[in-house]
Every structure is written in structure tokens, then in C-alpha cells.
Amino acid sequence: MSKRLRSSEVCADCSGPDPSWASVNRGTFLCDECCSVHRSLGRHISQVRHLKHTPWPPTLLQMVETLYNNGANSIWEHSLLDPASIMSGRRKANPQDKVHPNKAEFIRAKYQMLAFVHRLPCRDDDSVTAKDLSKQLHSSVRTGNLETCLRLLSLGAQANFFHPEKGNTPLHVASKAGQILQAELLAVYGADPGTQDSSGKTPVDYARQGGHHELAERLVEIQYELTDRLAFYLCGRKPDHKNGQHFIIPQMADSSLDLSELAKAAKKKLQSLSNHLFEELAMDVYDEVDRRETDAVWLATQNHSALVTETTVVPFLPVNPEYSSTRNQGRQKLARFNAHEFATLVIDILSDAKRRQQGSSLSGSKDNVELILKTINNQHSVESQDNDQPDYDSVASDEDTDLETTASKANRQKSLDSDLSDGPVTVQEFMEVKNALVASEAKIQQLMKLLGKDAN
């Protein structure tokens, strides 16, 4: 942490003293008991970090502290502040309440159902409301008023909104103004640092042009957050983006060239995934890394006789209702991978991410990578594509949990692969390659359908 919590700071959900966790996307501090409920909701609802035992980018922690100190919790408990809510029997949880069902029910109502958030007057067209809110967000991010922007986001404003008149996104505006905390908040809610405005410039470009070097470097880190987190999980190191190194590919300490046929088949399936499905799988593996790492911190910081019980364990990734049932099943199967198998999958993801970006250097600059390299937190706008689900499920299926590896997690700090160089190309070349790939994928799908009919 950049500073110790003051004794006056309390849990946002039950007002218990000395909170030791934070919900990054909600801008709140949490006690251990309430955090156990947040973890069971999933990262799409609440992204939790331990305030002392989890690594924090300094400006991300500053963003959460600023939101907490400026009353962000009142956004999520708006109607509870109305005296009429007491008369209706609705109340906030307190430290003496049991975790289950009292605190759990309150927290689910507060964050999952958004039961206490201020509601706008109903309109016939919700998209109009979202557009208006997004335009307000677009204007607000040039100031330092974080809680106003969080309120707009809670009401439905889109962090990646492309303003039709201005020709840019809120992140472009925040970057041009040097508002690094606003950029952190927007990134948490899915803003992509690689998005180009109408003149072809990214938020990173505007930050550099304005002399906001810390912001520019942080935006690059955000853009590579997914692969950085996976690499750090395996070897405790991150790439040196300042010097153009964007990937670290750890090698198994005693990896054998004689891979099993099953392992080779699984790797081939991974490489054959479309970019969209590969991005989904990479995001799911990221979530599983987060679950495992948070579990480790949780177990290391709890009173085992009191809190480490079946009701506080998160044995696999919670269901995300925005995803298909097939994808949710695949996500949960990741928990069955032992340490060796999961390390192999993570290394394969990193290797293929690098391969795909090197391929994309033929179709765009390194600051505009389309694949998994945009922020992992962009889960608020993810849409499932059920037609592609069998491919994803084949990678995350039971048969592939038998991937053979011969190294332990403790010996993964080996042979760190590094940098890559990407050459600039024109927009026309990018579109030509992209259209060719789309047409190719469409032809393959048609052939697969025809082959299926012939087989019948």
C-alpha cells in the first residue's frame, strides 16, 4: 500500500473496523467476512485485492483510496441513506450479523442486484439513456472527480463509448488531460488503451504528446495486463515494456521434447481457435489465476479456526450469467487442473498470444493489438458467441486435463523468452488482411457444415 489505512476506515458493507481488502471496481474497502462473500460473486461483480499482501500498481491503489475517501459507497447504498428505508425495514448489515445468510444476502442485493443504486426515470429506449450517460462520462473524465464518473458507470455509461461528434472515447479525453486516476477507473470498467480515435491516435499517443509519461507507461501496462499477470504467476517477473519487451514466456525447468500425443493435440486445438475464442479462453485462464492467487492470500491471512470454512471457500470460478452455460462449465473445469497441468496451459496461452501478436504486426501497430492484450477487466461488455462454443469446450474439456508436464511450479523460473518488434503498416493493409481472414474463416465454416451433412 502507498499508506496505511487510518483507524477511521471501516468495511463498506458492515462497518466493521480495520478492513484489509478492497473491491477495485466498486471503490470500497472490505473486512474479511464481507470479502468472502464478494469472492463468491465472481470478478464480473467484484474484483477484490488484499490491501497489504497483493501487489498493487500505485495509481490503481490511489484510485481506490480516492473513491473510498470521497464516498463511493454512497453510490451503492443510495436508497439506504433515505430515512424512509429504515421505516421499510431495509437496513445495512452490521459487524455482528452472521456471514450467512445476513451479510451474504445484503451484499448480493447491493452489488449483484444493485437494489440500492439510484435509478433514473424510465424511458422507452434504454439505449438513449446509456448514450446520454456515456456522453456525460466523456465530458467528466477531463476533471479529477472520480466519484461522479463511477456514478455514471454504475448507471450504465459505457467506458469504451465512441463519441460520434468528438470522434474519440473517454479514455482519449482523460489521457489528453493527464487524468491518470480517471484512466485507471475507465480501464477497470473496460476501456481499451489501444482504441484509435477518428485521427488514428490512441490514448497512449495523447498521453505521450501531453508529456504525461507516467500515464503513458501505465496505459501500456494496462494493455498487456493479461499476459503480464500470467507470466508473473509462473515466474514472478514482468516484461520491460519501456524497452520494447512485451512478453515473458517461462519454460518448464525440465520440459521434455517428447510430449504426449494428447498434449500435442491440445496445443493444436489452442492454436486453431479463432481470435475471439482464444481471447475468451485467455480471459478465463486469467480469472482462474486470480482465483488461485487470491485463495493463497486468503488462506495465508485468515484465522483458520474461524473463517476458513466450507462457506468461505471458492472452489472454482463462479458462474457469470453473461456467458453461455458451455463457457461457464469450461471455466469451472480449469479448477481441476493440477499445478503442473495449469502451468502448461498458461505457458501455451502466453506462447500463442505472442505468436498471434507477431502475426498481427502484419495488420496493425503494437499499440493497437486486437487480441487478448487489451485490459482483462473488459468483462462488462463481453458477449458470448454460442456458435463457437464447441471449439472452446474442446480446449477446456476433461480429456485435456491429462496434459503431461514433468516440472513443478517451484522450478518454473527458467529461460525467459522476451521481446518482439512490430513494423507499422497502413490502415488499408490492415483492412485487407482482416477482411481476408474473415472471408477465410467463413469458407472454413461452410466447408465444415458441408462435411457434416455428407457424413450424415
# chains A, B, ... in the order shown; residues from 1 in each chain; ligands from 1
call {"tool": "residues_around", "arguments": {"residues": "region 74-82 of chain A", "least_positions_apart": "3", "cutoff": "10 Å", "atoms": "only C-alpha atoms", "output": "NGL selection string"}}
result
:A and (12-13 or 26-28 or 68 or 70-71 or 85-87 or 90-92 or 109-111 or 114-119 or 147-148 or 150-152 or 154-155)
call {"tool": "residues_around", "arguments": {"residues": "Pro164 (chain A)", "least_positions_apart": "6", "cutoff": "12 Å", "atoms": "only C-alpha atoms", "output": "PyMOL selection string"}}
result
chain A and resi 131+134-135+138+170+197-198
call {"tool": "closest_residue", "arguments": {"among": "A:Cys235, A:Ala159, A:Val173, A:Met283", "to": "Leu186 (chain A)", "atoms": "only C-alpha atoms"}}
result
A:Ala159
call {"tool": "closest_residue", "arguments": {"among": "A:Glu225, A:Asp18, A:Glu105, A:Glu65", "to": "Leu41 (chain A)", "atoms": "only C-alpha atoms"}}
result
A:Glu105
call {"tool": "residues_around", "arguments": {"residues": "Ser46 (chain A)", "least_positions_apart": "5", "cutoff": "12 Å", "atoms": "only C-alpha atoms", "output": "VMD selection string"}}
result
chain A and resid 21 to 30 34 to 41 107 to 108 110 to 112 188 to 189 318 320 377 379 to 380
call {"tool": "closest_residue", "arguments": {"among": "A:Thr59, A:Thr202, A:Asn145, A:Gln245", "to": "His172 (chain A)", "atoms": "only C-alpha atoms"}}
result
A:Thr202
call {"tool": "residues_around", "arguments": {"residues": "region 284-291 of chain A", "least_positions_apart": "3", "cutoff": "9 Å", "atoms": "only C-alpha atoms", "output": "PyMOL selection string"}}
result
chain A and resi 39+42-43+226-227+229-230+233+279-281+294-296+314-317+327+330-332+334-335+342+345-346+349+376
call {"tool": "select_by_dssp", "arguments": {"residues": "region 80-249 of chain A", "states": "alpha helix (DSSP H)", "output": "PyMOL selection string"}}
result
chain A and resi 83-87+104-107+126-140+146-155+170-177+180-188+203-209+213-223+225-235
call {"tool": "atom_distance", "arguments": {"atom1": "CA of Ser15 (chain A)", "atom2": "CA of Gln182 (chain A)"}}
result
26.9 Å
call {"tool": "closest_residue", "arguments": {"among": "A:Arg142, A:His213, A:His246, A:Lys201", "to": "Gln179 (chain A)", "atoms": "only C-alpha atoms"}}
result
A:Arg142
call {"tool": "atom_distance", "arguments": {"atom1": "CA of Leu270 (chain A)", "atom2": "CA of Ala339 (chain A)"}}
result
19.2 Å
call {"tool": "closest_residue", "arguments": {"among": "A:Asn328, A:His163, A:Glu33, A:Asn69", "to": "Ala104 (chain A)", "atoms": "only C-alpha atoms"}}
result
A:Glu33
